[in-house]
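Content type PDB, C-alpha atoms, pLDDT in the B column, from the file model_10.pdb:
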```pdb
ATOM      1  CA  MET A   1     109.819 109.970 105.919  1.00 65.00           C
ATOM      2  CA  ALA A   2     108.447 109.596 102.445  1.00 90.00           C
ATOM      3  CA  ILE A   3     110.973 110.136  99.680  1.00 95.00           C
ATOM      4  CA  ARG A   4     109.638 110.332  96.137  1.00 97.00           C
ATOM      5  CA  VAL A   5     112.114 110.340  93.266  1.00 98.00           C
ATOM      6  CA  SER A   6     111.137 110.351  89.620  1.00 98.00           C
ATOM      7  CA  VAL A   7     113.212 110.786  86.477  1.00 98.00           C
ATOM      8  CA  GLN A   8     110.751 111.218  83.634  1.00 98.00           C
ATOM      9  CA  THR A   9     110.051 112.722  80.236  1.00 98.00           C
ATOM     10  CA  ALA A  10     106.506 113.767  81.149  1.00 98.00           C
ATOM     11  CA  ALA A  11     105.599 117.174  82.511  1.00 97.00           C
ATOM     12  CA  PHE A  12     104.634 117.377  86.183  1.00 98.00           C
ATOM     13  CA  SER A  13     102.257 119.463  88.261  1.00 97.00           C
ATOM     14  CA  MET A  14     103.804 121.347  91.151  1.00 97.00           C
ATOM     15  CA  ASP A  15     100.373 121.637  92.784  1.00 97.00           C
ATOM     16  CA  ALA A  16      99.697 117.888  92.515  1.00 97.00           C
ATOM     17  CA  GLU A  17     103.149 117.038  93.883  1.00 96.00           C
ATOM     18  CA  HIS A  18     102.691 119.457  96.790  1.00 95.00           C
ATOM     19  CA  ALA A  19      99.310 117.878  97.611  1.00 94.00           C
ATOM     20  CA  ARG A  20     100.849 114.385  97.479  1.00 94.00           C
ATOM     21  CA  LEU A  21     103.687 115.431  99.792  1.00 93.00           C
ATOM     22  CA  MET A  22     101.266 116.910 102.318  1.00 92.00           C
ATOM     23  CA  GLN A  23      99.160 113.727 102.610  1.00 89.00           C
ATOM     24  CA  GLY A  24      99.388 111.953 105.928  1.00 68.00           C
ATOM     25  CA  GLY A  25      98.885 114.823 108.359  1.00 61.00           C
ATOM     26  CA  HIS A  26     102.529 115.599 108.982  1.00 67.00           C
ATOM     27  CA  ALA A  27     103.465 117.985 111.775  1.00 80.00           C
ATOM     28  CA  ALA A  28     105.125 120.187 109.173  1.00 85.00           C
ATOM     29  CA  GLY A  29     105.705 123.875 109.556  1.00 90.00           C
ATOM     30  CA  GLY A  30     107.226 124.521 106.154  1.00 94.00           C
ATOM     31  CA  VAL A  31     107.766 123.315 102.633  1.00 95.00           C
ATOM     32  CA  GLY A  32     110.854 124.416 100.769  1.00 97.00           C
ATOM     33  CA  ALA A  33     110.233 124.437  97.030  1.00 98.00           C
ATOM     34  CA  PHE A  34     112.363 124.892  93.949  1.00 98.00           C
ATOM     35  CA  LEU A  35     111.019 124.748  90.412  1.00 98.00           C
ATOM     36  CA  GLY A  36     113.762 124.909  87.808  1.00 97.00           C
ATOM     37  CA  VAL A  37     113.061 125.826  84.203  1.00 98.00           C
ATOM     38  CA  VAL A  38     115.198 125.677  81.068  1.00 97.00           C
ATOM     39  CA  ARG A  39     116.817 129.095  80.928  1.00 94.00           C
ATOM     40  CA  GLY A  40     117.158 130.925  77.654  1.00 93.00           C
ATOM     41  CA  GLY A  41     119.504 133.519  76.286  1.00 93.00           C
ATOM     42  CA  ALA A  42     122.332 133.580  73.757  1.00 94.00           C
ATOM     43  CA  GLY A  43     120.095 131.986  71.144  1.00 95.00           C
ATOM     44  CA  LEU A  44     119.369 128.827  73.160  1.00 97.00           C
ATOM     45  CA  ARG A  45     116.343 126.993  71.785  1.00 97.00           C
ATOM     46  CA  ALA A  46     116.293 123.730  73.767  1.00 98.00           C
ATOM     47  CA  LEU A  47     118.173 121.493  76.158  1.00 97.00           C
ATOM     48  CA  THR A  48     118.350 117.716  75.856  1.00 98.00           C
ATOM     49  CA  LEU A  49     119.062 115.770  79.030  1.00 97.00           C
ATOM     50  CA  GLU A  50     120.335 112.211  79.066  1.00 97.00           C
ATOM     51  CA  HIS A  51     120.864 110.057  82.135  1.00 97.00           C
ATOM     52  CA  TYR A  52     121.993 106.653  83.302  1.00 92.00           C
ATOM     53  CA  PRO A  53     118.736 104.844  84.225  1.00 93.00           C
ATOM     54  CA  GLY A  54     118.799 103.214  87.628  1.00 94.00           C
ATOM     55  CA  MET A  55     121.994 104.950  88.669  1.00 96.00           C
ATOM     56  CA  THR A  56     120.402 108.395  88.406  1.00 97.00           C
ATOM     57  CA  GLU A  57     117.384 107.483  90.542  1.00 97.00           C
ATOM     58  CA  SER A  58     119.627 105.771  93.082  1.00 97.00           C
ATOM     59  CA  MET A  59     121.880 108.820  93.416  1.00 97.00           C
ATOM     60  CA  ILE A  60     118.931 111.185  93.765  1.00 97.00           C
ATOM     61  CA  GLY A  61     117.475 108.885  96.432  1.00 97.00           C
ATOM     62  CA  ARG A  62     120.763 109.012  98.351  1.00 96.00           C
ATOM     63  CA  ILE A  63     120.828 112.802  98.107  1.00 97.00           C
ATOM     64  CA  ALA A  64     117.264 113.002  99.460  1.00 97.00           C
ATOM     65  CA  ALA A  65     118.078 110.552 102.273  1.00 96.00           C
ATOM     66  CA  ASP A  66     121.122 112.642 103.201  1.00 96.00           C
ATOM     67  CA  ALA A  67     118.921 115.751 103.270  1.00 97.00           C
ATOM     68  CA  GLN A  68     116.476 113.943 105.553  1.00 95.00           C
ATOM     69  CA  ALA A  69     119.246 113.009 107.973  1.00 95.00           C
ATOM     70  CA  ARG A  70     120.840 116.463 107.980  1.00 96.00           C
ATOM     71  CA  PHE A  71     117.671 118.554 108.209  1.00 96.00           C
ATOM     72  CA  GLY A  72     115.132 116.230 109.855  1.00 95.00           C
ATOM     73  CA  LEU A  73     112.821 116.195 106.848  1.00 95.00           C
ATOM     74  CA  LEU A  74     109.327 114.763 107.100  1.00 94.00           C
ATOM     75  CA  GLY A  75     109.122 114.256 103.348  1.00 95.00           C
ATOM     76  CA  CYS A  76     110.985 114.998 100.117  1.00 97.00           C
ATOM     77  CA  THR A  77     110.003 114.958  96.458  1.00 98.00           C
ATOM     78  CA  VAL A  78     112.513 115.233  93.624  1.00 98.00           C
ATOM     79  CA  ILE A  79     111.350 115.094  90.014  1.00 98.00           C
ATOM     80  CA  HIS A  80     113.843 115.603  87.204  1.00 98.00           C
ATOM     81  CA  ARG A  81     112.863 115.559  83.571  1.00 98.00           C
ATOM     82  CA  VAL A  82     114.939 114.116  80.748  1.00 98.00           C
ATOM     83  CA  GLY A  83     114.653 114.303  76.985  1.00 98.00           C
ATOM     84  CA  ARG A  84     114.310 117.434  74.886  1.00 98.00           C
ATOM     85  CA  LEU A  85     112.964 120.487  76.713  1.00 98.00           C
ATOM     86  CA  VAL A  86     112.481 123.936  75.201  1.00 98.00           C
ATOM     87  CA  VAL A  87     113.321 127.219  76.896  1.00 98.00           C
ATOM     88  CA  GLY A  88     110.858 127.975  79.681  1.00 97.00           C
ATOM     89  CA  GLU A  89     109.778 124.376  80.306  1.00 98.00           C
ATOM     90  CA  PRO A  90     109.989 122.984  83.855  1.00 98.00           C
ATOM     91  CA  ILE A  91     112.985 120.700  84.260  1.00 98.00           C
ATOM     92  CA  VAL A  92     113.281 119.947  87.991  1.00 98.00           C
ATOM     93  CA  LEU A  93     111.112 120.102  91.097  1.00 98.00           C
ATOM     94  CA  VAL A  94     112.389 119.783  94.654  1.00 98.00           C
ATOM     95  CA  LEU A  95     109.994 119.879  97.609  1.00 97.00           C
ATOM     96  CA  CYS A  96     111.287 119.452 101.169  1.00 97.00           C
ATOM     97  CA  LEU A  97     108.844 119.126 104.067  1.00 96.00           C
ATOM     98  CA  ALA A  98     110.104 119.949 107.560  1.00 95.00           C
ATOM     99  CA  ALA A  99     108.867 120.995 110.988  1.00 94.00           C
ATOM    100  CA  HIS A 100     110.448 124.422 110.548  1.00 94.00           C
ATOM    101  CA  ARG A 101     110.960 126.889 107.706  1.00 95.00           C
ATOM    102  CA  ALA A 102     114.750 127.101 107.934  1.00 96.00           C
ATOM    103  CA  ALA A 103     115.217 123.340 107.698  1.00 96.00           C
ATOM    104  CA  ALA A 104     112.845 123.123 104.714  1.00 97.00           C
ATOM    105  CA  LEU A 105     114.615 125.909 102.834  1.00 97.00           C
ATOM    106  CA  ASP A 106     118.140 124.713 103.668  1.00 97.00           C
ATOM    107  CA  ALA A 107     117.273 121.158 102.640  1.00 97.00           C
ATOM    108  CA  THR A 108     115.902 122.390  99.322  1.00 98.00           C
ATOM    109  CA  ALA A 109     119.123 124.296  98.597  1.00 97.00           C
ATOM    110  CA  PHE A 110     121.192 121.277  99.662  1.00 97.00           C
ATOM    111  CA  VAL A 111     119.288 118.899  97.355  1.00 97.00           C
ATOM    112  CA  MET A 112     119.606 121.269  94.377  1.00 97.00           C
ATOM    113  CA  ASP A 113     123.312 121.876  94.968  1.00 96.00           C
ATOM    114  CA  TRP A 114     123.989 118.141  95.137  1.00 95.00           C
ATOM    115  CA  LEU A 115     121.766 117.369  92.134  1.00 95.00           C
ATOM    116  CA  LYS A 116     123.802 119.817  90.045  1.00 93.00           C
ATOM    117  CA  THR A 117     127.109 118.186  91.011  1.00 93.00           C
ATOM    118  CA  ARG A 118     126.395 114.536  91.835  1.00 93.00           C
ATOM    119  CA  ALA A 119     123.459 113.256  89.779  1.00 94.00           C
ATOM    120  CA  PRO A 120     124.530 111.614  86.492  1.00 94.00           C
ATOM    121  CA  PHE A 121     122.876 113.808  83.872  1.00 96.00           C
ATOM    122  CA  TRP A 122     124.367 114.944  80.575  1.00 96.00           C
ATOM    123  CA  LYS A 123     123.044 118.106  78.942  1.00 96.00           C
ATOM    124  CA  ARG A 124     123.265 119.163  75.322  1.00 97.00           C
ATOM    125  CA  GLU A 125     122.255 122.666  74.286  1.00 97.00           C
ATOM    126  CA  GLU A 126     120.567 123.380  70.952  1.00 97.00           C
ATOM    127  CA  PHE A 127     120.793 126.880  69.503  1.00 97.00           C
ATOM    128  CA  GLU A 128     118.673 128.846  67.019  1.00 97.00           C
ATOM    129  CA  ASP A 129     121.516 128.793  64.455  1.00 97.00           C
ATOM    130  CA  GLY A 130     121.604 124.966  64.498  1.00 96.00           C
ATOM    131  CA  ARG A 131     124.692 124.580  66.719  1.00 97.00           C
ATOM    132  CA  THR A 132     124.693 122.074  69.550  1.00 97.00           C
ATOM    133  CA  ALA A 133     127.077 121.859  72.494  1.00 96.00           C
ATOM    134  CA  TRP A 134     127.464 119.610  75.509  1.00 96.00           C
ATOM    135  CA  VAL A 135     127.281 121.516  78.794  1.00 94.00           C
ATOM    136  CA  ASP A 136     130.433 121.329  80.905  1.00 91.00           C
ATOM    137  CA  ALA A 137     130.409 121.218  84.690  1.00 86.00           C
ATOM    138  CA  ARG A 138     130.378 124.701  86.173  1.00 89.00           C
ATOM    139  CA  GLU A 139     132.796 125.797  88.880  1.00 90.00           C
ATOM    140  CA  ALA A 140     130.026 127.871  90.501  1.00 91.00           C
ATOM    141  CA  ASP A 141     127.999 124.672  91.034  1.00 87.00           C
ATOM    142  CA  ASP A 142     130.975 122.995  92.730  1.00 88.00           C
ATOM    143  CA  VAL A 143     131.472 126.028  94.965  1.00 90.00           C
ATOM    144  CA  ALA A 144     127.790 126.003  95.953  1.00 88.00           C
ATOM    145  CA  ALA A 145     127.891 122.275  96.772  1.00 89.00           C
ATOM    146  CA  ALA A 146     131.100 122.650  98.774  1.00 89.00           C
ATOM    147  CA  ARG A 147     129.281 124.664 101.430  1.00 90.00           C
ATOM    148  CA  TRP A 148     127.555 121.445 102.516  1.00 90.00           C
ATOM    149  CA  ALA A 149     130.818 119.524 103.026  1.00 82.00           C
ATOM    150  CA  ARG A 150     131.447 118.022 106.435  1.00 72.00           C
ATOM    151  CA  ASP A 151     135.000 117.825 107.780  1.00 52.00           C
ATOM    152  CA  GLY A 152     136.290 119.010 104.413  1.00 47.00           C
ATOM    153  CA  ARG A 153     134.576 116.113 102.629  1.00 47.00           C
ATOM    154  CA  PRO A 154     131.271 116.115 100.787  1.00 46.00           C
ATOM    155  CA  GLY A 155     128.486 113.986 102.149  1.00 51.00           C
TER
END
```
Could the structure of this file be written out as structure tokens, please?
Amino acid sequence: MAIRVSVQTAAFSMDAEHARLMQGGHAAGGVGAFLGVVRGGAGLRALTLEHYPGMTESMIGRIAADAQARFGLLGCTVIHRVGRLVVGEPIVLVLCLAAHRAAALDATAFVMDWLKTRAPFWKREEFEDGRTAWVDAREADDVAAARWARDGRPG
């Protein structure tokens, strides 16, 4: 299985990443896809993401490898942007290639849930009035990730 992980400041093309994932004539029946964008509201202007280089890519690679083992993936692409991103800009792309639709979609949800709770990113919000605030972990993200726990333990 081909796993592609990239943490980058540059924009990405969902179409180009899909084409790259599909190379090689896989016996795939489905691609699960998630494209996350910086959400607005409450005067939010931008989001700045910081990460721990090396550690972040390693953790994302482990998440993708776990998804492959759990769902029998034929391929997986995870691209996460860092730096300053304005409302509406793409921030994350997850593509999971599998023999069947259900596995592709479940794997995509699994990867996103684990990215939100396990990947070492720090987010700072910037508002129209000049305020900034670090984003705290959200209980809803922990609850979503907990559904993938095995024997009461994550992973």
### Query
What separation in Å, quoted to one decimal, exists between CA of Ala102 in chain A and CA of Gly29 in chain A?
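Those two atoms sit 9.7 Å apart.
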Using all atoms listed in the file, tabulate the residues of range 83-108 of chain A lying at most 12 Å from any atom of range 7-10 of chain A, each with its closest atom pair and that distance in Å to one decimal, by chain and increasing residue number, as JSON lines.
```
{"residue": "A:Gly83", "atom": "CA", "partner": "A:Thr9", "partner_atom": "CA", "distance": 5.9}
{"residue": "A:Arg84", "atom": "CA", "partner": "A:Thr9", "partner_atom": "CA", "distance": 8.3}
{"residue": "A:Leu85", "atom": "CA", "partner": "A:Thr9", "partner_atom": "CA", "distance": 9.0}
{"residue": "A:Glu89", "atom": "CA", "partner": "A:Ala10", "partner_atom": "CA", "distance": 11.1}
{"residue": "A:Pro90", "atom": "CA", "partner": "A:Ala10", "partner_atom": "CA", "distance": 10.2}
{"residue": "A:Ile91", "atom": "CA", "partner": "A:Thr9", "partner_atom": "CA", "distance": 9.4}
{"residue": "A:Val92", "atom": "CA", "partner": "A:Val7", "partner_atom": "CA", "distance": 9.3}
{"residue": "A:Leu93", "atom": "CA", "partner": "A:Val7", "partner_atom": "CA", "distance": 10.6}
```
Go through the shown structure with the PyMOL selection byres ((chain A and resi 34-50) around 10) and write out the matching residues as a PDB file with C-alpha atoms, keeping the file's coordinate frame.
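Written file, expr12.pdb:
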```pdb
ATOM      1  CA  THR A   9     110.051 112.722  80.236  1.00 98.00           C
ATOM      2  CA  MET A  14     103.804 121.347  91.151  1.00 97.00           C
ATOM      3  CA  VAL A  31     107.766 123.315 102.633  1.00 95.00           C
ATOM      4  CA  GLY A  32     110.854 124.416 100.769  1.00 97.00           C
ATOM      5  CA  ALA A  33     110.233 124.437  97.030  1.00 98.00           C
ATOM      6  CA  HIS A  51     120.864 110.057  82.135  1.00 97.00           C
ATOM      7  CA  TYR A  52     121.993 106.653  83.302  1.00 92.00           C
ATOM      8  CA  PRO A  53     118.736 104.844  84.225  1.00 93.00           C
ATOM      9  CA  VAL A  78     112.513 115.233  93.624  1.00 98.00           C
ATOM     10  CA  ILE A  79     111.350 115.094  90.014  1.00 98.00           C
ATOM     11  CA  HIS A  80     113.843 115.603  87.204  1.00 98.00           C
ATOM     12  CA  ARG A  81     112.863 115.559  83.571  1.00 98.00           C
ATOM     13  CA  VAL A  82     114.939 114.116  80.748  1.00 98.00           C
ATOM     14  CA  GLY A  83     114.653 114.303  76.985  1.00 98.00           C
ATOM     15  CA  ARG A  84     114.310 117.434  74.886  1.00 98.00           C
ATOM     16  CA  LEU A  85     112.964 120.487  76.713  1.00 98.00           C
ATOM     17  CA  VAL A  86     112.481 123.936  75.201  1.00 98.00           C
ATOM     18  CA  VAL A  87     113.321 127.219  76.896  1.00 98.00           C
ATOM     19  CA  GLY A  88     110.858 127.975  79.681  1.00 97.00           C
ATOM     20  CA  GLU A  89     109.778 124.376  80.306  1.00 98.00           C
ATOM     21  CA  PRO A  90     109.989 122.984  83.855  1.00 98.00           C
ATOM     22  CA  ILE A  91     112.985 120.700  84.260  1.00 98.00           C
ATOM     23  CA  VAL A  92     113.281 119.947  87.991  1.00 98.00           C
ATOM     24  CA  LEU A  93     111.112 120.102  91.097  1.00 98.00           C
ATOM     25  CA  VAL A  94     112.389 119.783  94.654  1.00 98.00           C
ATOM     26  CA  LEU A  95     109.994 119.879  97.609  1.00 97.00           C
ATOM     27  CA  CYS A  96     111.287 119.452 101.169  1.00 97.00           C
ATOM     28  CA  LEU A 105     114.615 125.909 102.834  1.00 97.00           C
ATOM     29  CA  THR A 108     115.902 122.390  99.322  1.00 98.00           C
ATOM     30  CA  ALA A 109     119.123 124.296  98.597  1.00 97.00           C
ATOM     31  CA  VAL A 111     119.288 118.899  97.355  1.00 97.00           C
ATOM     32  CA  MET A 112     119.606 121.269  94.377  1.00 97.00           C
ATOM     33  CA  PRO A 120     124.530 111.614  86.492  1.00 94.00           C
ATOM     34  CA  PHE A 121     122.876 113.808  83.872  1.00 96.00           C
ATOM     35  CA  TRP A 122     124.367 114.944  80.575  1.00 96.00           C
ATOM     36  CA  LYS A 123     123.044 118.106  78.942  1.00 96.00           C
ATOM     37  CA  ARG A 124     123.265 119.163  75.322  1.00 97.00           C
ATOM     38  CA  GLU A 125     122.255 122.666  74.286  1.00 97.00           C
ATOM     39  CA  GLU A 126     120.567 123.380  70.952  1.00 97.00           C
ATOM     40  CA  PHE A 127     120.793 126.880  69.503  1.00 97.00           C
ATOM     41  CA  GLU A 128     118.673 128.846  67.019  1.00 97.00           C
ATOM     42  CA  ASP A 129     121.516 128.793  64.455  1.00 97.00           C
ATOM     43  CA  GLY A 130     121.604 124.966  64.498  1.00 96.00           C
ATOM     44  CA  ARG A 131     124.692 124.580  66.719  1.00 97.00           C
ATOM     45  CA  THR A 132     124.693 122.074  69.550  1.00 97.00           C
ATOM     46  CA  ALA A 133     127.077 121.859  72.494  1.00 96.00           C
ATOM     47  CA  TRP A 134     127.464 119.610  75.509  1.00 96.00           C
ATOM     48  CA  VAL A 135     127.281 121.516  78.794  1.00 94.00           C
TER      49      VAL A 135
END
```
What is the CA of Ser13 in chain A to CA of Asp141 in chain A distance in Å?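 Interatomic distance here is 26.4 Å.
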- Closest to Ala119 in chain A among A:Ala11, A:Ala137, A:Leu73, A:Ala98, using all atoms listed in the file?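 Once distances to Ala119 in chain A are computed over all atoms listed in the file, the minimum belongs to A:Ala137.
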Would you kindly return, as a list in words, each protein, DNA or RNA residue with an atom no farther than 12 Å from any atom of Ala149 in chain A, considering only C-alpha atoms and excluding same-chain residues fewer than 6 positions away?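 Result of the neighbour search: Asp66, Arg70, Phe110, Asp113, Trp114, Asp142, Val143 and Gly155 of chain A.
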Rounded to one decimal in Å, what is the spacing between CA of Leu97 in chain A and CA of Gly30 in chain A?
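So the answer is 6.0 Å.
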Have range 68-85 of chain A completed to N, CA and C atoms, please, and pass it along as a CSV table (one decimal), in the frame of the given file.
```
chain,number,residue,atom,x,y,z
A,68,GLN,N,117.4,114.3,104.4
A,68,GLN,CA,116.5,113.9,105.6
A,68,GLN,C,117.3,113.8,106.8
A,69,ALA,N,118.4,113.2,106.8
A,69,ALA,CA,119.2,113.0,108.0
A,69,ALA,C,119.8,114.3,108.5
A,70,ARG,N,120.2,115.2,107.6
A,70,ARG,CA,120.8,116.5,108.0
A,70,ARG,C,119.8,117.5,108.5
A,71,PHE,N,118.6,117.5,107.9
A,71,PHE,CA,117.7,118.6,108.2
A,71,PHE,C,116.4,118.1,108.9
A,72,GLY,N,116.3,116.8,109.2
A,72,GLY,CA,115.1,116.2,109.9
A,72,GLY,C,113.9,116.3,109.0
A,73,LEU,N,114.0,116.1,107.7
A,73,LEU,CA,112.8,116.2,106.8
A,73,LEU,C,111.7,115.2,107.2
A,74,LEU,N,110.5,115.6,107.0
A,74,LEU,CA,109.3,114.8,107.1
A,74,LEU,C,108.9,114.2,105.8
A,75,GLY,N,109.4,114.7,104.7
A,75,GLY,CA,109.1,114.3,103.3
A,75,GLY,C,110.0,115.0,102.3
A,76,CYS,N,110.2,114.4,101.2
A,76,CYS,CA,111.0,115.0,100.1
A,76,CYS,C,110.6,114.4,98.8
A,77,THR,N,110.3,115.3,97.8
A,77,THR,CA,110.0,115.0,96.5
A,77,THR,C,111.0,115.6,95.5
A,78,VAL,N,111.6,114.7,94.6
A,78,VAL,CA,112.5,115.2,93.6
A,78,VAL,C,112.1,114.6,92.3
A,79,ILE,N,111.7,115.5,91.4
A,79,ILE,CA,111.4,115.1,90.0
A,79,ILE,C,112.3,115.8,89.1
A,80,HIS,N,112.9,115.0,88.2
A,80,HIS,CA,113.8,115.6,87.2
A,80,HIS,C,113.4,115.1,85.8
A,81,ARG,N,113.2,116.0,84.9
A,81,ARG,CA,112.9,115.6,83.6
A,81,ARG,C,114.1,115.3,82.7
A,82,VAL,N,113.9,114.4,81.7
A,82,VAL,CA,114.9,114.1,80.7
A,82,VAL,C,114.3,114.2,79.4
A,83,GLY,N,115.1,114.2,78.4
A,83,GLY,CA,114.7,114.3,77.0
A,83,GLY,C,114.8,115.7,76.5
A,84,ARG,N,114.2,116.1,75.5
A,84,ARG,CA,114.3,117.4,74.9
A,84,ARG,C,113.3,118.4,75.5
A,85,LEU,N,113.8,119.5,76.1
A,85,LEU,CA,113.0,120.5,76.7
A,85,LEU,C,113.3,121.8,76.1
```
